[in-house]
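Undergrad: Contents of input29.csv (CSV, C-alpha atoms):
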```
chain,number,residue,atom,x,y,z
A,1,MET,CA,15.3,-25.4,27.5
A,2,GLN,CA,16.0,-23.4,30.6
A,3,ASP,CA,17.4,-19.8,30.8
A,4,SER,CA,20.7,-21.2,32.1
A,5,GLU,CA,21.0,-23.5,29.1
A,6,ALA,CA,20.2,-20.7,26.7
A,7,GLY,CA,22.9,-18.6,28.3
A,8,GLU,CA,25.5,-21.1,27.2
A,9,ILE,CA,25.0,-19.9,23.6
A,10,PRO,CA,25.7,-16.3,22.8
A,11,GLN,CA,22.4,-14.3,22.5
A,12,ASP,CA,23.3,-13.0,19.1
A,13,LEU,CA,23.7,-16.6,17.8
A,14,MET,CA,20.4,-17.6,19.4
A,15,ILE,CA,18.7,-14.7,17.6
A,16,GLU,CA,20.2,-15.8,14.3
A,17,ILE,CA,19.0,-19.4,14.8
A,18,ALA,CA,15.5,-18.3,15.8
A,19,ALA,CA,15.3,-15.9,12.8
A,20,ARG,CA,15.6,-18.9,10.5
A,21,LEU,CA,12.8,-20.8,12.2
A,22,PRO,CA,9.2,-20.8,10.9
A,23,ALA,CA,6.9,-18.2,12.4
A,24,LYS,CA,4.7,-20.9,14.0
A,25,SER,CA,7.7,-22.3,15.8
A,26,VAL,CA,8.8,-18.9,17.2
A,27,MET,CA,5.4,-18.3,18.5
A,28,ARG,CA,5.1,-21.8,20.0
A,29,PHE,CA,8.5,-21.4,21.8
A,30,LYS,CA,7.4,-18.3,23.6
A,31,CYS,CA,6.4,-20.5,26.6
A,32,ILE,CA,9.9,-21.9,27.0
A,33,SER,CA,11.7,-19.0,28.6
A,34,LYS,CA,11.7,-15.2,29.0
A,35,PHE,CA,14.3,-15.0,26.2
A,36,TRP,CA,12.0,-16.8,23.7
A,37,SER,CA,9.0,-14.8,25.0
A,38,SER,CA,10.7,-11.5,24.3
A,39,LEU,CA,11.8,-12.3,20.8
A,40,PRO,CA,8.6,-11.3,18.9
A,41,LEU,CA,8.8,-7.9,20.7
A,42,SER,CA,12.5,-7.3,19.8
A,43,THR,CA,13.0,-4.8,16.9
A,44,HIS,CA,16.4,-6.4,16.1
A,45,PHE,CA,14.9,-9.9,15.9
A,46,CYS,CA,12.0,-8.8,13.8
A,47,ASN,CA,14.3,-7.1,11.3
A,48,ARG,CA,16.5,-10.3,11.1
A,49,PHE,CA,13.4,-12.5,10.8
A,50,LEU,CA,12.0,-10.4,8.0
A,51,THR,CA,15.4,-10.5,6.2
A,52,TYR,CA,15.4,-14.3,6.1
A,53,GLN,CA,11.7,-14.5,5.3
A,54,SER,CA,12.2,-12.2,2.3
A,55,GLN,CA,14.6,-14.8,0.9
A,56,GLN,CA,11.7,-17.2,0.9
A,57,PRO,CA,8.9,-15.2,-0.7
A,58,ARG,CA,5.2,-16.0,-0.2
A,59,PHE,CA,2.4,-15.4,-2.6
A,60,TYR,CA,-0.8,-14.0,-1.0
A,61,MET,CA,-4.2,-14.4,-2.6
A,62,SER,CA,-7.3,-12.7,-1.6
A,63,LEU,CA,-10.7,-14.3,-2.5
A,64,VAL,CA,-13.3,-11.6,-2.3
A,65,HIS,CA,-17.0,-12.3,-1.7
A,66,ARG,CA,-18.7,-9.4,-3.5
A,67,LEU,CA,-21.9,-9.6,-1.6
A,68,GLU,CA,-20.7,-10.5,1.9
A,69,TYR,CA,-17.2,-9.3,2.7
A,70,THR,CA,-17.2,-11.3,5.9
A,71,LYS,CA,-16.9,-14.4,3.8
A,72,SER,CA,-13.8,-13.2,2.0
A,73,LEU,CA,-10.6,-15.2,2.5
A,74,LEU,CA,-6.9,-14.5,2.6
A,75,LEU,CA,-4.7,-17.4,1.5
A,76,SER,CA,-0.9,-17.7,1.8
A,77,SER,CA,1.4,-19.9,-0.1
A,78,THR,CA,4.1,-22.1,1.5
A,79,PRO,CA,7.5,-20.5,1.5
A,80,THR,CA,9.7,-21.9,-1.2
A,81,THR,CA,13.5,-22.1,-1.2
A,82,THR,CA,13.8,-23.1,-4.8
A,83,CYS,CA,12.7,-21.4,-8.1
A,84,GLN,CA,12.3,-24.8,-9.9
A,85,SER,CA,8.9,-25.5,-8.6
A,86,SER,CA,6.1,-24.7,-11.0
A,87,SER,CA,3.2,-25.0,-8.5
A,88,LEU,CA,2.3,-23.3,-5.2
A,89,GLU,CA,0.5,-24.8,-2.2
A,90,PHE,CA,-1.8,-22.5,-0.3
A,91,HIS,CA,-2.7,-22.6,3.4
A,92,GLN,CA,-6.1,-21.7,4.7
A,93,ASP,CA,-5.0,-21.5,8.3
A,94,LEU,CA,-3.9,-17.9,7.7
A,95,THR,CA,-7.3,-16.9,6.7
A,96,ILE,CA,-8.8,-13.8,8.3
A,97,ARG,CA,-12.4,-12.6,7.9
A,98,GLY,CA,-13.9,-9.3,6.8
A,99,MET,CA,-11.3,-8.4,4.2
A,100,VAL,CA,-12.0,-6.0,1.3
A,101,GLY,CA,-9.6,-7.6,-1.2
A,102,ASN,CA,-9.3,-4.7,-3.6
A,103,LEU,CA,-7.9,-2.5,-0.9
A,104,LEU,CA,-5.2,-5.0,0.1
A,105,ARG,CA,-1.7,-3.7,0.6
A,106,VAL,CA,1.4,-5.7,1.7
A,107,LEU,CA,4.6,-4.3,3.1
A,108,HIS,CA,7.5,-6.3,4.8
A,109,GLY,CA,5.1,-9.0,5.7
A,110,PHE,CA,2.4,-6.8,7.2
A,111,ILE,CA,-1.0,-6.7,5.5
A,112,CYS,CA,-3.2,-3.6,5.5
A,113,PHE,CA,-6.8,-3.7,4.5
A,114,THR,CA,-10.1,-2.0,5.3
A,115,VAL,CA,-13.4,-2.9,6.7
A,116,LYS,CA,-16.1,-0.3,6.2
A,117,SER,CA,-13.5,2.4,5.5
A,118,GLU,CA,-11.6,1.6,8.7
A,119,ALA,CA,-8.0,0.3,8.7
A,120,ARG,CA,-6.7,-3.1,9.9
A,121,ILE,CA,-3.1,-4.3,10.1
A,122,TYR,CA,-2.5,-8.1,10.1
A,123,ASN,CA,0.7,-9.9,10.7
A,124,PRO,CA,0.5,-13.4,9.1
A,125,SER,CA,3.6,-14.6,11.0
A,126,THR,CA,2.1,-14.0,14.5
A,127,ARG,CA,-1.5,-14.0,13.4
A,128,GLN,CA,-2.0,-10.7,15.2
A,129,LEU,CA,-4.7,-8.3,14.0
A,130,VAL,CA,-4.6,-4.7,15.0
A,131,ILE,CA,-7.8,-2.6,14.5
A,132,LEU,CA,-6.8,1.0,14.2
A,133,PRO,CA,-9.1,3.7,15.7
A,134,SER,CA,-11.4,5.7,13.4
A,135,ILE,CA,-10.5,9.3,12.6
A,136,GLN,CA,-13.0,11.2,14.7
A,137,GLU,CA,-11.8,14.7,14.0
A,138,SER,CA,-12.1,14.6,10.2
A,139,PHE,CA,-14.0,17.5,8.7
A,140,VAL,CA,-14.5,15.7,5.4
A,141,LYS,CA,-16.3,12.8,7.1
A,142,GLY,CA,-19.1,15.2,7.8
A,143,TYR,CA,-20.2,15.0,4.1
A,144,PRO,CA,-22.6,12.2,3.1
A,145,HIS,CA,-20.4,10.7,0.4
A,146,TYR,CA,-16.7,10.4,1.4
A,147,PHE,CA,-14.0,7.9,0.6
A,148,SER,CA,-11.0,6.8,2.6
A,149,LEU,CA,-7.9,5.2,1.1
A,150,TYR,CA,-4.9,3.9,3.1
A,151,PHE,CA,-1.3,3.5,2.2
A,152,ILE,CA,1.2,1.6,4.4
A,153,CYS,CA,4.8,2.8,4.3
A,154,HIS,CA,8.1,2.4,6.3
A,155,ASP,CA,10.6,5.0,7.4
A,156,PRO,CA,14.0,3.2,7.4
A,157,VAL,CA,15.8,6.1,9.2
A,158,SER,CA,13.6,5.9,12.4
A,159,ASP,CA,12.5,2.4,11.7
A,160,GLN,CA,8.8,3.3,11.9
A,161,TYR,CA,5.8,2.0,10.0
A,162,LYS,CA,3.3,4.6,9.1
A,163,LEU,CA,-0.2,4.6,7.7
A,164,LEU,CA,-1.3,7.4,5.4
A,165,CYS,CA,-5.0,8.0,5.1
A,166,VAL,CA,-6.5,10.2,2.4
A,167,ILE,CA,-10.1,11.1,3.0
A,168,THR,CA,-11.9,12.6,0.0
A,169,ALA,CA,-15.5,13.9,-0.6
A,170,LEU,CA,-16.9,14.7,-4.0
A,171,LEU,CA,-19.5,17.5,-3.9
A,172,SER,CA,-21.8,16.7,-6.8
A,173,ARG,CA,-23.8,19.5,-8.5
A,174,GLU,CA,-26.3,17.1,-10.0
A,175,GLY,CA,-29.9,17.9,-9.3
A,176,LEU,CA,-29.2,21.5,-8.3
A,177,ASP,CA,-30.9,24.5,-9.9
A,178,GLU,CA,-28.9,27.4,-11.5
A,179,GLN,CA,-29.1,29.5,-8.3
A,180,GLU,CA,-27.8,26.7,-6.1
A,181,LYS,CA,-25.0,26.0,-8.5
A,182,GLU,CA,-24.0,29.7,-8.6
A,183,GLU,CA,-23.9,29.8,-4.8
A,184,LEU,CA,-21.5,26.8,-4.8
A,185,ALA,CA,-19.4,28.2,-7.6
A,186,SER,CA,-16.6,29.1,-5.2
A,187,VAL,CA,-16.7,25.8,-3.4
A,188,PRO,CA,-14.3,23.1,-4.9
A,189,GLU,CA,-15.9,20.0,-6.2
A,190,THR,CA,-13.4,17.9,-4.4
A,191,ILE,CA,-12.2,18.3,-0.8
A,192,SER,CA,-9.6,16.1,0.9
A,193,GLU,CA,-7.6,15.6,4.1
A,194,HIS,CA,-4.4,13.7,4.9
A,195,TRP,CA,-3.9,11.8,8.2
A,196,VAL,CA,-0.9,9.8,9.5
A,197,PHE,CA,-0.8,7.0,12.1
A,198,VAL,CA,2.5,5.8,13.4
A,199,LEU,CA,2.3,2.1,14.2
A,200,GLU,CA,3.6,2.1,17.8
A,201,ALA,CA,2.3,1.8,21.3
A,202,GLY,CA,0.0,4.6,22.1
A,203,GLY,CA,-0.2,5.8,18.4
A,204,SER,CA,-2.9,8.1,17.2
A,205,TRP,CA,-4.1,9.8,14.1
A,206,LYS,CA,-2.7,13.2,13.3
A,207,ARG,CA,-3.6,15.5,10.4
A,208,VAL,CA,-0.7,16.4,8.2
A,209,ALA,CA,-0.2,18.8,5.2
A,210,LYS,CA,-2.9,21.2,6.4
A,211,ASP,CA,-1.5,23.8,4.0
A,212,PHE,CA,-1.6,21.6,1.0
A,213,GLN,CA,-4.0,23.6,-1.2
A,214,THR,CA,-4.9,21.1,-3.9
A,215,PRO,CA,-7.7,18.7,-2.9
A,216,HIS,CA,-7.7,15.4,-4.9
A,217,HIS,CA,-9.2,12.0,-5.2
A,218,PRO,CA,-6.4,9.3,-4.8
A,219,SER,CA,-6.2,6.2,-6.9
A,220,ARG,CA,-4.9,2.8,-5.7
A,221,LEU,CA,-1.8,3.1,-8.0
A,222,GLN,CA,1.3,3.6,-5.8
A,223,VAL,CA,5.0,3.0,-5.7
A,224,THR,CA,7.5,3.6,-2.9
A,225,MET,CA,11.1,4.5,-3.5
A,226,LYS,CA,13.9,6.5,-1.8
A,227,ASN,CA,11.7,7.1,1.3
A,228,VAL,CA,9.0,8.7,-0.7
A,229,LEU,CA,5.5,7.3,-1.4
A,230,TYR,CA,4.0,8.2,-4.8
A,231,TYR,CA,0.4,7.7,-5.9
A,232,LEU,CA,-1.8,8.9,-8.8
A,233,ALA,CA,-4.8,11.1,-8.1
A,234,PHE,CA,-7.4,13.2,-9.8
A,235,THR,CA,-8.0,16.8,-8.8
A,236,ASP,CA,-11.5,17.6,-10.1
A,237,SER,CA,-14.5,16.3,-12.0
A,238,SER,CA,-12.7,16.8,-15.3
A,239,GLN,CA,-10.4,14.0,-14.2
A,240,THR,CA,-7.2,16.0,-14.3
A,241,CYS,CA,-4.5,13.4,-13.4
A,242,VAL,CA,-1.7,14.3,-11.1
A,243,LEU,CA,1.2,12.5,-9.4
A,244,VAL,CA,1.4,13.1,-5.6
A,245,SER,CA,4.5,12.5,-3.5
A,246,PHE,CA,4.5,11.9,0.3
A,247,ASP,CA,7.8,12.2,2.1
A,248,ILE,CA,7.5,9.4,4.6
A,249,ARG,CA,9.9,11.0,7.1
A,250,SER,CA,8.9,14.7,7.0
A,251,GLU,CA,5.3,13.8,6.1
A,252,GLU,CA,5.1,16.6,3.5
A,253,LEU,CA,3.1,16.4,0.3
A,254,SER,CA,3.8,17.8,-3.2
A,255,MET,CA,2.2,17.3,-6.6
A,256,ILE,CA,2.9,17.6,-10.3
A,257,LYS,CA,0.5,17.3,-13.2
A,258,LEU,CA,0.8,14.4,-15.7
A,259,PRO,CA,1.6,15.3,-19.3
A,260,PRO,CA,-1.6,15.3,-21.4
A,261,PRO,CA,-3.3,13.2,-22.4
A,262,PRO,CA,-3.0,10.4,-19.9
A,263,GLY,CA,-4.5,7.1,-20.9
A,264,LYS,CA,-7.1,5.0,-19.0
A,265,ARG,CA,-4.7,2.1,-18.2
A,266,LEU,CA,-1.8,3.3,-16.1
A,267,ALA,CA,0.7,1.9,-13.7
A,268,LEU,CA,3.4,3.4,-11.5
A,269,ILE,CA,6.9,1.8,-11.6
A,270,ASN,CA,10.4,2.4,-10.5
A,271,TYR,CA,12.4,3.1,-13.7
A,272,GLY,CA,16.1,3.2,-13.0
A,273,GLY,CA,15.6,4.9,-9.6
A,274,LYS,CA,13.1,7.4,-11.0
A,275,VAL,CA,9.3,7.3,-10.6
A,276,ALA,CA,7.6,6.7,-13.9
A,277,VAL,CA,4.0,6.4,-15.2
A,278,PHE,CA,3.5,3.3,-17.5
A,279,ASP,CA,0.7,4.0,-19.9
A,280,PHE,CA,-0.4,0.7,-21.6
A,281,SER,CA,-3.8,2.0,-22.9
A,282,LEU,CA,-2.9,1.3,-26.5
A,283,LEU,CA,-1.0,-2.0,-25.9
A,284,LYS,CA,-3.8,-4.3,-27.0
A,285,GLU,CA,-5.0,-2.3,-30.0
A,286,ASN,CA,-1.7,-0.9,-31.4
A,287,GLY,CA,1.0,-2.7,-29.5
A,288,LEU,CA,2.3,0.7,-28.1
A,289,VAL,CA,3.1,1.7,-24.6
A,290,ASP,CA,4.2,5.1,-23.3
A,291,LEU,CA,6.7,5.5,-20.4
A,292,TRP,CA,6.6,8.9,-18.8
A,293,VAL,CA,9.6,9.4,-16.5
A,294,VAL,CA,10.0,12.2,-13.9
A,295,GLU,CA,13.4,13.6,-14.6
A,296,HIS,CA,13.2,16.6,-12.2
A,297,TRP,CA,10.5,16.8,-9.7
A,298,ARG,CA,10.8,20.5,-8.6
A,299,ASN,CA,11.0,21.7,-12.2
A,300,LYS,CA,8.2,19.3,-13.2
A,301,GLU,CA,10.3,17.9,-16.0
A,302,TRP,CA,9.1,14.7,-17.8
A,303,SER,CA,10.7,12.6,-20.5
A,304,ARG,CA,8.7,10.3,-22.8
A,305,LYS,CA,9.7,6.9,-24.1
A,306,THR,CA,7.5,5.1,-26.6
A,307,LEU,CA,7.9,1.3,-26.8
A,308,PHE,CA,6.2,-1.0,-29.3
A,309,LEU,CA,5.7,-4.6,-30.1
A,310,GLN,CA,6.7,-6.1,-33.4
A,311,PRO,CA,3.8,-7.4,-35.6
A,312,CYS,CA,4.9,-11.0,-34.9
A,313,GLN,CA,4.5,-10.3,-31.1
A,314,MET,CA,1.0,-8.9,-31.2
A,315,HIS,CA,-0.6,-12.3,-30.5
A,316,LEU,CA,1.0,-12.1,-27.0
A,317,VAL,CA,-1.5,-9.3,-26.0
A,318,THR,CA,-4.4,-9.8,-28.3
A,319,HIS,CA,-6.3,-12.1,-26.0
A,320,CYS,CA,-5.2,-10.6,-22.8
A,321,PHE,CA,-7.6,-8.8,-20.4
A,322,PHE,CA,-6.2,-5.6,-18.9
A,323,THR,CA,-7.8,-3.8,-15.9
```
Write the structure described by the file as structure tokens, please.
TA:
Amino acid sequence: MQDSEAGEIPQDLMIEIAARLPAKSVMRFKCISKFWSSLPLSTHFCNRFLTYQSQQPRFYMSLVHRLEYTKSLLLSSTPTTTCQSSSLEFHQDLTIRGMVGNLLRVLHGFICFTVKSEARIYNPSTRQLVILPSIQESFVKGYPHYFSLYFICHDPVSDQYKLLCVITALLSREGLDEQEKEELASVPETISEHWVFVLEAGGSWKRVAKDFQTPHHPSRLQVTMKNVLYYLAFTDSSQTCVLVSFDIRSEELSMIKLPPPPGKRLALINYGGKVAVFDFSLLKENGLVDLWVVEHWRNKEWSRKTLFLQPCQMHLVTHCFFT
């Protein structure tokens, strides 16, 4: 197809047609003309393409090699247009190497994972892998035992994808004598920093929330709603559990403490437009779950709902394995 031929069809219609094509076809057609070559770089086209792709959901499966992460695999199911199928077919041609599966996060078709505490962004549609630069200016990284956790999020107002990195170090007092412990009494056991990377040309890491005074160790439990990223964290060695909010647009942080006592098996969910902590620690033993809903963030108001299974339903969870 020549450029002159493509001009016979309105460009908006061409974009709608291309957005319905498989990703492999779009990438293959880049050599046809300047129009097709520019499509993957167009924000409007990418948004339309993701809209149609979301109507044909994929299932991603990460197979992790515990001893050698370079042998880990990422598999993707074939897009399905019907809900009647009871089986999924997986493709291995979308496999990428060096993935730490338990740090895998997926957002709008982009996959974020880490290799040796450094972030990677992978686009399965275009098979493009972006290796983000390391955070060189981090103060916390100067400690021998630090941990980096990444969250990928999207600001719909500015149409920007951002990566939030929380770097944490735990300062253990084990093995110290009483005098050394006394000297470190004023030093917090946990220190943390927050960094943001905007996924755009020329992007770089910048430190945010420098005045946030509560260091914490983030967990992998997260939920995003109303342009705010929420994640669970612990503030000290006594495992005080808190809920942290990150405003994706303003890049500000705030925190509220969970009502005591939180269980060991928790999840974050969107409950009727409100962030909620789903505690299923007693589900297997007693058939009970607690739902803690944030009713008012600034006033730190929670509401509690207790749900329970009937005795005739206990067999549904008796032989389940919960993590």
Undergrad: Pick out the residues sitting within 12 Å of Leu316 of chain A, and hand them over as a VMD selection string; count all atoms listed in the file, and ignore anything fewer than 4 positions along from it in its own chain.
TA: chain A and resid 283 to 285 287 309 to 312 320 to 321
Undergrad: Between A:Ile152, A:Ala169, A:Glu137, A:Ser281, which one has atoms that come closest to Tyr122 of chain A, using only C-alpha atoms?
TA: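 For Tyr122 of chain A, the nearest of the given residues is A:Ile152.
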Undergrad: A:Ala18, A:Ala233, A:Val157, A:Val198: which is nearest Ser219 of chain A, counting all atoms listed in the file?
TA: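 Using all atoms listed in the file, the shortest distance to Ser219 of chain A belongs to A:Ala233.
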Undergrad: From the set A:Glu189, A:Asp236, A:Glu200, A:Glu251, which residue has the shortest atom-to-atom contact distance to Leu164 of chain A, counting all atoms listed in the file?
TA: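 Among the listed residues, the smallest separation from Leu164 of chain A belongs to A:Glu251.
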Undergrad: Would you compute the distance between atom CA of His216 of chain A and atom CA of Val140 of chain A? Give it in Å to one decimal.
TA: 12.3 Å
Undergrad: How many Å separate atom CA of Cys112 of chain A from atom CA of Thr43 of chain A?
TA: 19.8 Å
